[in-house]
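Pasted below: run11.csv, CSV, C-alpha atoms and all ligand atoms.
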chain,number,residue,atom,x,y,z
A,297,MET,CA,0.0,0.0,0.0
A,298,LYS,CA,1.2,3.5,-0.8
A,299,ILE,CA,2.1,5.6,2.1
A,300,VAL,CA,1.2,9.3,1.6
A,301,ASP,CA,2.4,11.8,4.2
A,302,ILE,CA,2.2,9.0,6.7
A,303,ILE,CA,3.9,10.8,9.6
A,304,SER,CA,1.3,13.6,9.7
A,305,HIS,CA,-1.5,11.1,9.6
A,306,PHE,CA,0.2,9.1,12.3
A,307,LYS,CA,0.7,12.2,14.4
A,308,ASP,CA,-3.0,13.2,14.2
A,309,GLY,CA,-4.1,9.6,14.9
A,310,LEU,CA,-1.7,9.1,17.7
A,311,ASN,CA,-2.3,12.4,19.5
A,312,LYS,CA,-3.7,10.7,22.6
A,313,SER,CA,-0.9,8.2,22.9
A,314,ARG,CA,1.8,10.9,22.3
A,315,LYS,CA,0.3,13.1,25.0
A,316,ASN,CA,0.4,10.2,27.4
A,317,LEU,CA,3.8,8.8,26.6
A,318,ALA,CA,6.0,11.6,25.2
A,319,ASP,CA,4.9,14.4,27.5
A,320,LYS,CA,5.1,12.3,30.6
A,321,PHE,CA,8.5,10.9,29.6
A,322,GLU,CA,9.8,14.4,29.4
A,323,LEU,CA,8.3,15.3,32.8
A,324,LEU,CA,10.0,12.3,34.4
A,325,PHE,CA,13.3,13.3,33.0
A,326,HIS,CA,13.1,16.8,34.3
A,327,TYR,CA,11.6,16.0,37.7
A,328,SER,CA,13.4,12.8,38.7
A,329,THR,CA,16.0,13.6,41.2
A,330,ASN,CA,18.2,10.5,40.5
A,331,LYS,CA,18.4,7.5,38.3
A,332,SER,CA,16.5,5.0,40.6
A,333,ASP,CA,13.7,7.5,41.0
A,334,PHE,CA,13.6,8.0,37.2
A,335,LEU,CA,13.6,4.2,36.5
A,336,GLU,CA,10.8,3.5,39.0
A,337,ARG,CA,8.6,6.2,37.5
A,338,LEU,CA,9.5,5.1,33.9
A,339,GLU,CA,8.5,1.6,34.7
A,340,GLU,CA,5.1,2.7,35.9
A,341,LEU,CA,4.6,4.9,32.9
A,342,LEU,CA,5.4,2.1,30.4
A,343,ILE,CA,3.2,-0.4,32.2
A,344,LEU,CA,0.3,2.1,32.2
A,345,SER,CA,0.9,2.8,28.5
A,346,ASP,CA,0.3,-1.0,27.8
A,347,VAL,CA,3.9,-1.5,26.6
A,348,GLY,CA,3.8,-4.9,28.4
A,349,VAL,CA,6.0,-6.5,31.1
A,350,LEU,CA,8.6,-8.0,28.7
A,351,ALA,CA,9.3,-4.9,26.7
A,352,THR,CA,9.1,-2.7,29.9
A,353,SER,CA,11.8,-4.8,31.6
A,354,GLU,CA,14.0,-4.6,28.4
A,355,ILE,CA,13.6,-0.8,28.3
A,356,ILE,CA,14.3,-0.4,32.0
A,357,ASN,CA,17.4,-2.6,31.7
A,358,LYS,CA,18.8,-0.5,28.9
A,359,PHE,CA,18.1,2.8,30.7
A,360,SER,CA,19.7,1.5,33.8
A,361,GLN,CA,23.0,1.2,31.9
A,362,LEU,CA,23.0,4.9,31.0
A,363,ASN,CA,24.7,7.7,32.9
A,364,PHE,CA,21.5,9.5,33.9
A,365,LYS,CA,23.4,12.4,35.6
A,366,GLU,CA,25.4,13.1,32.5
A,367,TYR,CA,22.3,13.2,30.3
A,368,LYS,CA,20.6,15.5,32.8
A,369,GLU,CA,23.4,17.9,32.5
A,370,ASN,CA,23.4,17.7,28.7
A,371,ASN,CA,20.0,17.5,27.0
A,372,PHE,CA,16.7,15.7,26.9
A,373,ILE,CA,16.7,15.2,23.1
A,374,SER,CA,19.6,12.8,23.1
A,375,PHE,CA,18.0,11.0,26.1
A,376,LYS,CA,14.7,10.6,24.2
A,377,LYS,CA,16.6,9.3,21.2
A,378,LYS,CA,17.7,6.4,23.4
A,379,LEU,CA,14.1,5.5,24.0
A,380,LYS,CA,13.3,5.8,20.3
A,381,ASP,CA,16.2,3.5,19.3
A,382,ILE,CA,15.1,0.9,21.8
A,383,LEU,CA,11.5,0.9,20.6
A,384,ILE,CA,12.5,0.8,17.0
A,385,ASP,CA,14.9,-2.2,17.7
A,386,ILE,CA,12.0,-4.1,19.3
A,387,LEU,CA,9.6,-3.3,16.6
A,388,ASN,CA,11.9,-4.0,13.7
A,389,SER,CA,13.2,-7.4,14.7
A,390,ASN,CA,12.0,-10.1,12.2
A,391,THR,CA,9.4,-7.7,10.8
A,392,LEU,CA,7.2,-8.9,8.0
A,393,LYS,CA,5.3,-6.5,5.7
A,394,PHE,CA,1.9,-6.7,4.2
A,395,ASN,CA,2.5,-7.6,0.6
A,396,VAL,CA,0.6,-8.8,-2.4
A,397,ASN,CA,2.1,-11.4,-4.7
A,398,LYS,CA,1.5,-10.2,-8.2
A,399,ASP,CA,2.0,-13.6,-9.8
A,400,ARG,CA,-0.6,-15.6,-7.9
A,401,LEU,CA,-3.9,-15.6,-6.1
A,402,ASN,CA,-3.7,-13.8,-2.7
A,403,ILE,CA,-6.2,-14.9,-0.1
A,404,ILE,CA,-6.6,-12.6,2.9
A,405,MET,CA,-8.5,-14.1,5.8
A,406,ILE,CA,-9.6,-11.5,8.3
A,407,VAL,CA,-10.2,-12.8,11.8
A,408,GLY,CA,-10.8,-11.3,15.3
A,409,VAL,CA,-13.4,-10.8,17.9
A,410,ASN,CA,-16.7,-9.0,17.2
A,411,GLY,CA,-16.4,-5.2,17.2
A,412,SER,CA,-12.7,-5.2,16.6
A,413,GLY,CA,-13.1,-3.7,13.2
A,414,LYS,CA,-12.9,-6.8,10.9
A,415,THR,CA,-15.6,-5.8,8.4
A,416,SER,CA,-14.3,-2.3,8.2
A,417,ILE,CA,-10.8,-3.6,7.6
A,418,ALA,CA,-11.9,-5.9,4.8
A,419,GLY,CA,-13.4,-2.8,3.1
A,420,LYS,CA,-10.3,-0.7,3.8
A,421,ILE,CA,-7.9,-3.3,2.4
A,422,ALA,CA,-10.2,-3.7,-0.6
A,423,TYR,CA,-10.2,0.0,-1.2
A,424,SER,CA,-6.4,0.4,-1.0
A,425,LEU,CA,-5.6,-2.7,-3.1
A,426,LYS,CA,-8.2,-1.7,-5.7
A,427,LYS,CA,-6.3,1.6,-6.2
A,428,GLU,CA,-3.3,-0.4,-7.0
A,429,SER,CA,-5.2,-2.1,-9.9
A,430,ASN,CA,-5.9,-5.4,-8.3
A,431,ASN,CA,-8.9,-7.5,-9.2
A,432,ILE,CA,-10.6,-8.2,-5.9
A,433,LEU,CA,-13.4,-10.4,-4.6
A,434,LEU,CA,-14.9,-9.9,-1.2
A,435,VAL,CA,-16.3,-12.9,0.6
A,436,PRO,CA,-18.8,-12.4,3.5
A,437,ALA,CA,-18.1,-15.5,5.6
A,438,ASP,CA,-19.6,-13.8,8.7
A,439,THR,CA,-23.0,-15.3,8.0
A,440,PHE,CA,-24.2,-15.3,11.6
A,441,ARG,CA,-25.3,-11.7,11.3
A,442,ALA,CA,-27.3,-10.5,8.3
A,443,ALA,CA,-26.1,-7.0,9.1
A,444,GLY,CA,-22.5,-8.2,8.7
A,445,ILE,CA,-23.2,-9.3,5.1
A,446,GLN,CA,-25.0,-6.0,4.3
A,447,GLN,CA,-22.2,-3.9,5.9
A,448,LEU,CA,-19.6,-5.6,3.7
A,449,LYS,CA,-21.8,-5.1,0.6
A,450,ILE,CA,-21.9,-1.3,1.4
A,451,LEU,CA,-18.2,-1.2,1.8
A,452,ALA,CA,-17.7,-3.3,-1.4
A,453,ASP,CA,-19.8,-0.8,-3.3
A,454,GLN,CA,-17.9,2.2,-1.8
A,455,ALA,CA,-14.6,0.6,-2.7
A,456,GLY,CA,-15.8,-0.4,-6.2
A,457,VAL,CA,-15.1,-4.1,-5.8
A,458,GLU,CA,-17.2,-7.2,-6.3
A,459,MET,CA,-18.6,-9.3,-3.4
A,460,ILE,CA,-20.1,-12.7,-3.8
A,461,ASN,CA,-23.6,-13.1,-2.3
A,462,ALA,CA,-24.3,-15.1,0.8
A,463,LYS,CA,-27.4,-15.8,2.8
A,464,GLU,CA,-27.6,-15.3,6.6
A,465,GLY,CA,-27.1,-18.6,8.3
A,466,ALA,CA,-25.2,-20.2,5.4
A,467,ASP,CA,-22.3,-22.4,6.3
A,468,PRO,CA,-19.3,-20.0,6.3
A,469,ALA,CA,-16.9,-22.6,4.9
A,470,SER,CA,-19.2,-23.3,2.0
A,471,VAL,CA,-19.4,-19.5,1.3
A,472,VAL,CA,-15.6,-19.5,1.2
A,473,TYR,CA,-15.6,-22.6,-1.1
A,474,ASP,CA,-17.9,-20.7,-3.5
A,475,GLY,CA,-15.8,-17.6,-3.2
A,476,ILE,CA,-12.6,-19.4,-4.2
A,477,SER,CA,-14.4,-21.1,-7.2
A,478,ALA,CA,-15.8,-17.7,-8.3
A,479,ALA,CA,-12.5,-15.9,-7.9
A,480,GLN,CA,-10.7,-18.6,-9.9
A,481,ALA,CA,-13.3,-18.5,-12.7
A,482,ARG,CA,-13.3,-14.7,-12.8
A,483,LYS,CA,-9.5,-14.4,-12.7
A,484,LYS,CA,-9.4,-12.4,-9.5
A,485,ASN,CA,-6.0,-12.0,-8.0
A,486,ILE,CA,-7.2,-11.1,-4.5
A,487,ILE,CA,-9.9,-12.7,-2.2
A,488,ILE,CA,-10.6,-11.0,1.0
A,489,ILE,CA,-12.6,-13.1,3.5
A,490,ASP,CA,-14.5,-11.5,6.3
A,491,THR,CA,-15.2,-14.0,9.1
A,492,ALA,CA,-17.4,-14.1,12.2
A,493,GLY,CA,-16.0,-13.0,15.5
A,494,ARG,CA,-18.0,-14.3,18.4
A,495,LEU,CA,-16.0,-14.6,21.6
A,496,HIS,CA,-12.7,-16.3,21.1
A,497,THR,CA,-13.2,-18.4,24.2
A,498,LYS,CA,-16.0,-20.3,22.4
A,499,ILE,CA,-14.3,-23.3,20.9
A,500,ASN,CA,-16.8,-23.6,18.0
A,501,LEU,CA,-15.7,-20.3,16.5
A,502,MET,CA,-12.1,-21.6,16.3
A,503,ASN,CA,-13.4,-24.8,14.7
A,504,GLU,CA,-15.3,-22.8,12.2
A,505,LEU,CA,-12.3,-20.7,11.3
A,506,GLU,CA,-10.0,-23.8,11.1
A,507,LYS,CA,-12.6,-25.3,8.7
A,508,ILE,CA,-12.4,-22.2,6.5
A,509,LYS,CA,-8.6,-22.5,6.5
A,510,ARG,CA,-8.8,-26.2,5.4
A,511,VAL,CA,-11.2,-25.3,2.6
A,512,ILE,CA,-8.7,-22.7,1.4
A,513,GLN,CA,-5.9,-25.2,1.6
A,514,ASN,CA,-7.9,-27.8,-0.3
A,515,GLU,CA,-9.5,-25.7,-2.9
A,516,ALA,CA,-7.2,-22.9,-3.9
A,517,GLN,CA,-4.5,-23.3,-6.4
A,518,GLU,CA,-1.2,-21.4,-6.5
A,519,TYR,CA,-2.1,-19.1,-3.8
A,520,SER,CA,-0.6,-17.3,-0.8
A,521,LEU,CA,-2.5,-17.0,2.4
A,522,GLU,CA,-2.4,-14.1,4.8
A,523,ILE,CA,-4.3,-14.6,8.0
A,524,LEU,CA,-4.7,-11.1,9.5
A,525,GLN,CA,-6.0,-10.8,13.0
A,526,VAL,CA,-7.7,-7.5,13.7
A,527,ILE,CA,-7.1,-6.2,17.2
A,528,ASP,CA,-8.9,-3.2,18.8
A,529,ALA,CA,-6.0,-1.2,20.3
A,530,THR,CA,-8.3,0.1,23.1
A,531,MET,CA,-8.6,-3.4,24.5
A,532,GLY,CA,-5.3,-3.1,26.3
A,533,GLN,CA,-3.6,-6.2,27.6
A,534,ASN,CA,-6.7,-8.3,26.7
A,535,ALA,CA,-5.6,-8.0,23.1
A,536,ILE,CA,-2.6,-10.1,23.9
A,537,PHE,CA,-4.8,-13.0,25.2
A,538,GLN,CA,-7.0,-12.7,22.1
A,539,ALA,CA,-4.0,-12.8,19.8
A,540,LYS,CA,-2.5,-15.8,21.5
A,541,SER,CA,-5.7,-17.8,21.2
A,542,PHE,CA,-6.3,-17.0,17.5
A,543,ASN,CA,-2.6,-17.7,16.7
A,544,LYS,CA,-2.7,-21.1,18.4
A,545,SER,CA,-5.7,-22.2,16.3
A,546,LEU,CA,-4.9,-20.6,13.0
A,547,GLY,CA,-1.3,-19.4,12.8
A,548,VAL,CA,-1.8,-15.7,12.4
A,549,THR,CA,0.5,-14.2,9.8
A,550,GLY,CA,0.0,-10.5,10.8
A,551,ILE,CA,-1.9,-8.2,13.0
A,552,VAL,CA,-4.0,-5.2,12.0
A,553,LEU,CA,-4.4,-2.7,14.9
A,554,THR,CA,-7.6,-0.7,14.7
A,555,LYS,CA,-8.9,2.3,16.7
A,556,MET,CA,-5.4,3.6,17.4
A,557,ASP,CA,-6.9,7.1,17.1
A,558,GLY,CA,-9.1,6.4,20.1
A,559,THR,CA,-6.5,5.3,22.6
A,560,ALA,CA,-3.8,6.8,24.7
A,561,LYS,CA,-2.2,3.4,24.9
A,562,GLY,CA,-0.4,3.1,21.6
A,563,GLY,CA,2.2,1.1,23.5
A,564,ILE,CA,0.2,-2.0,22.9
A,565,VAL,CA,2.0,-2.2,19.5
A,566,ILE,CA,5.3,-2.8,21.4
A,567,ALA,CA,3.7,-5.4,23.7
A,568,ILE,CA,2.3,-7.4,20.8
A,569,LYS,CA,5.6,-7.5,19.0
A,570,LYS,CA,7.6,-8.4,22.1
A,571,GLU,CA,5.2,-10.9,23.6
A,572,LEU,CA,3.9,-12.7,20.5
A,573,ASN,CA,6.5,-12.0,17.9
A,574,ILE,CA,3.8,-11.5,15.3
A,575,SER,CA,4.3,-8.5,13.0
A,576,VAL,CA,1.8,-5.6,13.2
A,577,LYS,CA,1.4,-5.1,9.5
A,578,LEU,CA,-1.4,-2.5,9.2
A,579,ILE,CA,-2.7,0.1,11.4
A,580,SER,CA,-6.1,1.9,11.3
A,581,LEU,CA,-6.4,5.4,12.5
A,582,GLY,CA,-10.1,6.2,11.9
A,583,GLU,CA,-13.4,5.1,10.4
A,584,LYS,CA,-12.9,6.3,6.8
A,585,LEU,CA,-12.0,3.8,4.0
A,586,ASN,CA,-8.6,5.6,3.5
A,587,ASN,CA,-7.6,5.5,7.2
A,588,LEU,CA,-5.5,2.4,6.8
A,589,TYR,CA,-1.7,2.5,6.8
A,590,ASP,CA,1.2,0.2,6.5
A,591,PHE,CA,2.9,-0.1,9.8
A,592,GLU,CA,6.3,1.4,9.8
A,593,ALA,CA,8.2,1.2,13.0
A,594,ASN,CA,10.4,4.2,12.5
A,595,LYS,CA,7.6,6.5,11.6
A,596,PHE,CA,5.3,5.1,14.2
A,597,VAL,CA,7.9,5.7,17.0
A,598,GLU,CA,8.6,9.2,15.6
A,599,ALA,CA,4.9,10.0,15.7
A,600,LEU,CA,4.6,8.5,19.1
A,601,LEU,CA,7.4,10.4,20.8
A,602,ASP,CA,7.9,13.7,18.9
A,701,LIG,P1,-16.4,-6.2,13.3
A,701,LIG,O1,-17.5,-6.6,14.2
A,701,LIG,O2,-15.1,-6.8,13.8
A,701,LIG,O3,-16.6,-6.5,11.9
A,701,LIG,O4,-16.2,-4.6,13.5
A,701,LIG,P2,-16.7,-3.4,12.5
A,701,LIG,O5,-15.9,-3.4,11.3
A,701,LIG,O6,-18.2,-3.5,12.4
A,701,LIG,O7,-16.3,-2.2,13.4
A,701,LIG,C1,-16.8,-1.9,14.7
A,701,LIG,C2,-16.9,-0.4,14.9
A,701,LIG,O8,-15.5,0.1,15.0
A,701,LIG,C3,-17.5,0.4,13.8
A,701,LIG,O9,-18.3,1.4,14.3
A,701,LIG,C4,-16.3,1.0,13.0
A,701,LIG,O10,-16.6,2.2,12.3
A,701,LIG,C5,-15.3,1.2,14.2
A,701,LIG,N1,-13.9,1.3,13.7
A,701,LIG,C6,-13.3,0.3,13.0
A,701,LIG,N2,-12.0,0.7,12.8
A,701,LIG,C7,-11.8,1.9,13.5
A,701,LIG,C8,-10.7,2.8,13.6
A,701,LIG,O11,-9.5,2.6,13.2
A,701,LIG,N3,-10.9,4.0,14.3
A,701,LIG,C9,-12.1,4.2,14.9
A,701,LIG,N4,-12.3,5.4,15.5
A,701,LIG,N5,-13.2,3.4,14.7
A,701,LIG,C10,-13.1,2.3,14.0

Could I get this file's structure written as structure tokens?
Amino acid sequence: MKIVDIISHFKDGLNKSRKNLADKFELLFHYSTNKSDFLERLEELLILSDVGVLATSEIINKFSQLNFKEYKENNFISFKKKLKDILIDILNSNTLKFNVNKDRLNIIMIVGVNGSGKTSIAGKIAYSLKKESNNILLVPADTFRAAGIQQLKILADQAGVEMINAKEGADPASVVYDGISAAQARKKNIIIIDTAGRLHTKINLMNELEKIKRVIQNEAQEYSLEILQVIDATMGQNAIFQAKSFNKSLGVTGIVLTKMDGTAKGGIVIAIKKELNISVKLISLGEKLNNLYDFEANKFVEALLD
């Protein structure tokens, strides 16, 4: 996906998180009387920003090796640069990007709990990829809610892409089967599958999603499969539990973080990377079709801390 003026979009979208993290980090630096005082307060700030226990201890460990007194006498900018570098290092290790394979069928399966933003993301991805001249088919496999199918149809029309029809209550795996046949017959290069998201603790949802995955593996030819889990960034640490459970059943290949505009806890990106080692590939900063961006660690950290 093309990234246009991403930093300014990130900056607007991450306003709440930046106020929380960057402003408070600066206050800590100026008002801490010594290193241990600073480290204690920094730890608290990171945990409250949803950075997670593992990443917090890595950051505290790195800061404990610095000469705090020397930085205090010099300047805050170079001290803040240390935090940026640590965060970028965590986010950039083994990072995978969201990519479309031009020479084969790309199947993108969107999973996540209800309300996380799945259907919106299916529409947003369709909108972005359509602009890059792809031939897309949307597949409404969330057949438990009639409203879900209608919502996807509205987004398909707005994005100018085709959607196959499905009836409420139809077997989601058979809708996917039809979708794959239709896409192969119509020479589509991208299939985007919206799935149901009742609570992840209900085993039958995972069975349903695993069945869809098997249908893809059995029916599609020469394809690549991206299983994107949509996570609502305002869920805090609960997001980590959700991601673990979907990943265990399905093997998630990337994460899309939504509603980053509505949270002061953008640190969840760092926790997800550190604790799950699944790449955050896309990030959504609003409700409009064009509010979806490729996740770029450097730009994200810059927008979060500057
Ligand atoms: P689903 O149940 O997982 O399919 O979730 P929906 O796609 O229906 O989204 C649930 C709600 O979240 C809708 O009101 C969306 O407009 C809203 N939403 C989705 N993504 C974002 C985002 O990035 N920012 C904001 N502010 N709202 C979002």

I'd like the box whose edges run along x, y and z of the file and which contains every listed atom of ligand LIG 701 (chain A), padded by 4 Å per side; could you state its centre and edge lengths in Å, one decimal, as JSON?
{"center_x": -13.9, "center_y": -0.7, "center_z": 13.4, "size_x": 16.8, "size_y": 20.2, "size_z": 12.2}

Surrounding residues of Asn388 of chain A excluding itself and chain neighbours under 2 positions, 12 Å, only C-alpha atoms, as a PyMOL selection string: chain A and resi 380-386+390-393+565-566+569-570+573-577+591-597

Using all atoms listed in the file, which residues have at least one atom no more than 6 Å from ligand LIG 701 (chain A)? Output them as a VMD selection string. chain A and resid 409 to 416 554 to 558 580 to 583

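Proximity to Phe440 of chain A was assessed for A:Glu322, A:Glu428, A:Glu464, A:Glu369 counting only C-alpha atoms; the smallest distance is recorded for A:Glu464.
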
Can you pull out the residues contacting segment 353-367 of chain A? Cut-off 8 Å, using all atoms listed in the file, and skip same-chain residues under 4 positions away; I want them as a PyMOL selection string. chain A and resi 330-331+335+338-339+349+371-372+374-375+379+382

Would you mind exporting segment 343-377 of chain A with N, CA and C atoms, as a JSON list (two decimals), in the first residue's frame?
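So the final result, stored in part15.json, reads:
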[["chain", "number", "residue", "atom", "x", "y", "z"],
["A", 343, "ILE", "N", 4.21, 0.59, 31.86],
["A", 343, "ILE", "CA", 3.16, -0.40, 32.15],
["A", 343, "ILE", "C", 1.79, 0.23, 31.91],
["A", 344, "LEU", "N", 1.61, 1.46, 32.38],
["A", 344, "LEU", "CA", 0.31, 2.12, 32.20],
["A", 344, "LEU", "C", 0.03, 2.44, 30.73],
["A", 345, "SER", "N", 1.08, 2.51, 29.92],
["A", 345, "SER", "CA", 0.89, 2.76, 28.48],
["A", 345, "SER", "C", 0.71, 1.48, 27.69],
["A", 346, "ASP", "N", 0.57, 0.34, 28.39],
["A", 346, "ASP", "CA", 0.34, -0.96, 27.75],
["A", 346, "ASP", "C", 1.52, -1.50, 26.96],
["A", 347, "VAL", "N", 2.73, -1.05, 27.32],
["A", 347, "VAL", "CA", 3.92, -1.55, 26.62],
["A", 347, "VAL", "C", 4.18, -3.03, 26.96],
["A", 348, "GLY", "N", 3.62, -3.48, 28.07],
["A", 348, "GLY", "CA", 3.75, -4.89, 28.44],
["A", 348, "GLY", "C", 4.97, -5.15, 29.32],
["A", 349, "VAL", "N", 4.92, -6.25, 30.06],
["A", 349, "VAL", "CA", 5.96, -6.53, 31.05],
["A", 349, "VAL", "C", 7.32, -6.82, 30.41],
["A", 350, "LEU", "N", 7.32, -7.64, 29.36],
["A", 350, "LEU", "CA", 8.59, -8.03, 28.74],
["A", 350, "LEU", "C", 9.33, -6.83, 28.16],
["A", 351, "ALA", "N", 8.61, -6.03, 27.37],
["A", 351, "ALA", "CA", 9.27, -4.88, 26.74],
["A", 351, "ALA", "C", 9.65, -3.85, 27.80],
["A", 352, "THR", "N", 8.81, -3.68, 28.82],
["A", 352, "THR", "CA", 9.14, -2.72, 29.88],
["A", 352, "THR", "C", 10.44, -3.12, 30.56],
["A", 353, "SER", "N", 10.60, -4.40, 30.85],
["A", 353, "SER", "CA", 11.84, -4.77, 31.56],
["A", 353, "SER", "C", 13.06, -4.61, 30.63],
["A", 354, "GLU", "N", 12.88, -4.85, 29.35],
["A", 354, "GLU", "CA", 14.00, -4.62, 28.42],
["A", 354, "GLU", "C", 14.38, -3.12, 28.39],
["A", 355, "ILE", "N", 13.37, -2.28, 28.35],
["A", 355, "ILE", "CA", 13.64, -0.83, 28.28],
["A", 355, "ILE", "C", 14.30, -0.34, 29.58],
["A", 356, "ILE", "N", 13.77, -0.81, 30.71],
["A", 356, "ILE", "CA", 14.33, -0.39, 32.01],
["A", 356, "ILE", "C", 15.78, -0.86, 32.12],
["A", 357, "ASN", "N", 16.01, -2.08, 31.68],
["A", 357, "ASN", "CA", 17.37, -2.62, 31.72],
["A", 357, "ASN", "C", 18.34, -1.75, 30.91],
["A", 358, "LYS", "N", 17.91, -1.35, 29.72],
["A", 358, "LYS", "CA", 18.79, -0.53, 28.86],
["A", 358, "LYS", "C", 19.02, 0.85, 29.49],
["A", 359, "PHE", "N", 17.97, 1.43, 30.04],
["A", 359, "PHE", "CA", 18.13, 2.76, 30.66],
["A", 359, "PHE", "C", 18.98, 2.70, 31.92],
["A", 360, "SER", "N", 18.94, 1.56, 32.60],
["A", 360, "SER", "CA", 19.72, 1.47, 33.84],
["A", 360, "SER", "C", 21.22, 1.47, 33.54],
["A", 361, "GLN", "N", 21.57, 1.17, 32.28],
["A", 361, "GLN", "CA", 23.00, 1.18, 31.92],
["A", 361, "GLN", "C", 23.50, 2.57, 31.53],
["A", 362, "LEU", "N", 22.58, 3.52, 31.42],
["A", 362, "LEU", "CA", 22.99, 4.87, 30.98],
["A", 362, "LEU", "C", 23.42, 5.74, 32.16],
["A", 363, "ASN", "N", 24.25, 6.71, 31.85],
["A", 363, "ASN", "CA", 24.65, 7.66, 32.89],
["A", 363, "ASN", "C", 23.62, 8.80, 32.94],
["A", 364, "PHE", "N", 22.66, 8.62, 33.82],
["A", 364, "PHE", "CA", 21.52, 9.54, 33.90],
["A", 364, "PHE", "C", 21.98, 10.97, 34.21],
["A", 365, "LYS", "N", 22.94, 11.06, 35.13],
["A", 365, "LYS", "CA", 23.42, 12.38, 35.58],
["A", 365, "LYS", "C", 24.00, 13.16, 34.41],
["A", 366, "GLU", "N", 24.77, 12.44, 33.61],
["A", 366, "GLU", "CA", 25.42, 13.09, 32.45],
["A", 366, "GLU", "C", 24.37, 13.61, 31.46],
["A", 367, "TYR", "N", 23.36, 12.78, 31.21],
["A", 367, "TYR", "CA", 22.29, 13.22, 30.29],
["A", 367, "TYR", "C", 21.55, 14.42, 30.86],
["A", 368, "LYS", "N", 21.33, 14.40, 32.15],
["A", 368, "LYS", "CA", 20.58, 15.50, 32.78],
["A", 368, "LYS", "C", 21.32, 16.81, 32.60],
["A", 369, "GLU", "N", 22.64, 16.71, 32.65],
["A", 369, "GLU", "CA", 23.43, 17.93, 32.48],
["A", 369, "GLU", "C", 23.48, 18.35, 31.02],
["A", 370, "ASN", "N", 23.31, 17.39, 30.11],
["A", 370, "ASN", "CA", 23.35, 17.73, 28.69],
["A", 370, "ASN", "C", 21.96, 18.07, 28.17],
["A", 371, "ASN", "N", 21.36, 17.13, 27.46],
["A", 371, "ASN", "CA", 20.02, 17.51, 26.99],
["A", 371, "ASN", "C", 19.05, 16.34, 26.93],
["A", 372, "PHE", "N", 17.80, 16.71, 26.87],
["A", 372, "PHE", "CA", 16.72, 15.73, 26.86],
["A", 372, "PHE", "C", 16.60, 15.03, 25.50],
["A", 373, "ILE", "N", 16.87, 15.77, 24.42],
["A", 373, "ILE", "CA", 16.69, 15.22, 23.07],
["A", 373, "ILE", "C", 17.50, 13.93, 22.87],
["A", 374, "SER", "N", 18.76, 13.96, 23.29],
["A", 374, "SER", "CA", 19.57, 12.76, 23.07],
["A", 374, "SER", "C", 19.11, 11.63, 24.00],
["A", 375, "PHE", "N", 18.56, 11.99, 25.14],
["A", 375, "PHE", "CA", 18.03, 10.97, 26.06],
["A", 375, "PHE", "C", 16.78, 10.32, 25.45],
["A", 376, "LYS", "N", 15.94, 11.16, 24.87],
["A", 376, "LYS", "CA", 14.72, 10.63, 24.24],
["A", 376, "LYS", "C", 15.08, 9.76, 23.04],
["A", 377, "LYS", "N", 16.17, 10.13, 22.36],
["A", 377, "LYS", "CA", 16.62, 9.34, 21.20],
["A", 377, "LYS", "C", 16.91, 7.90, 21.63]]
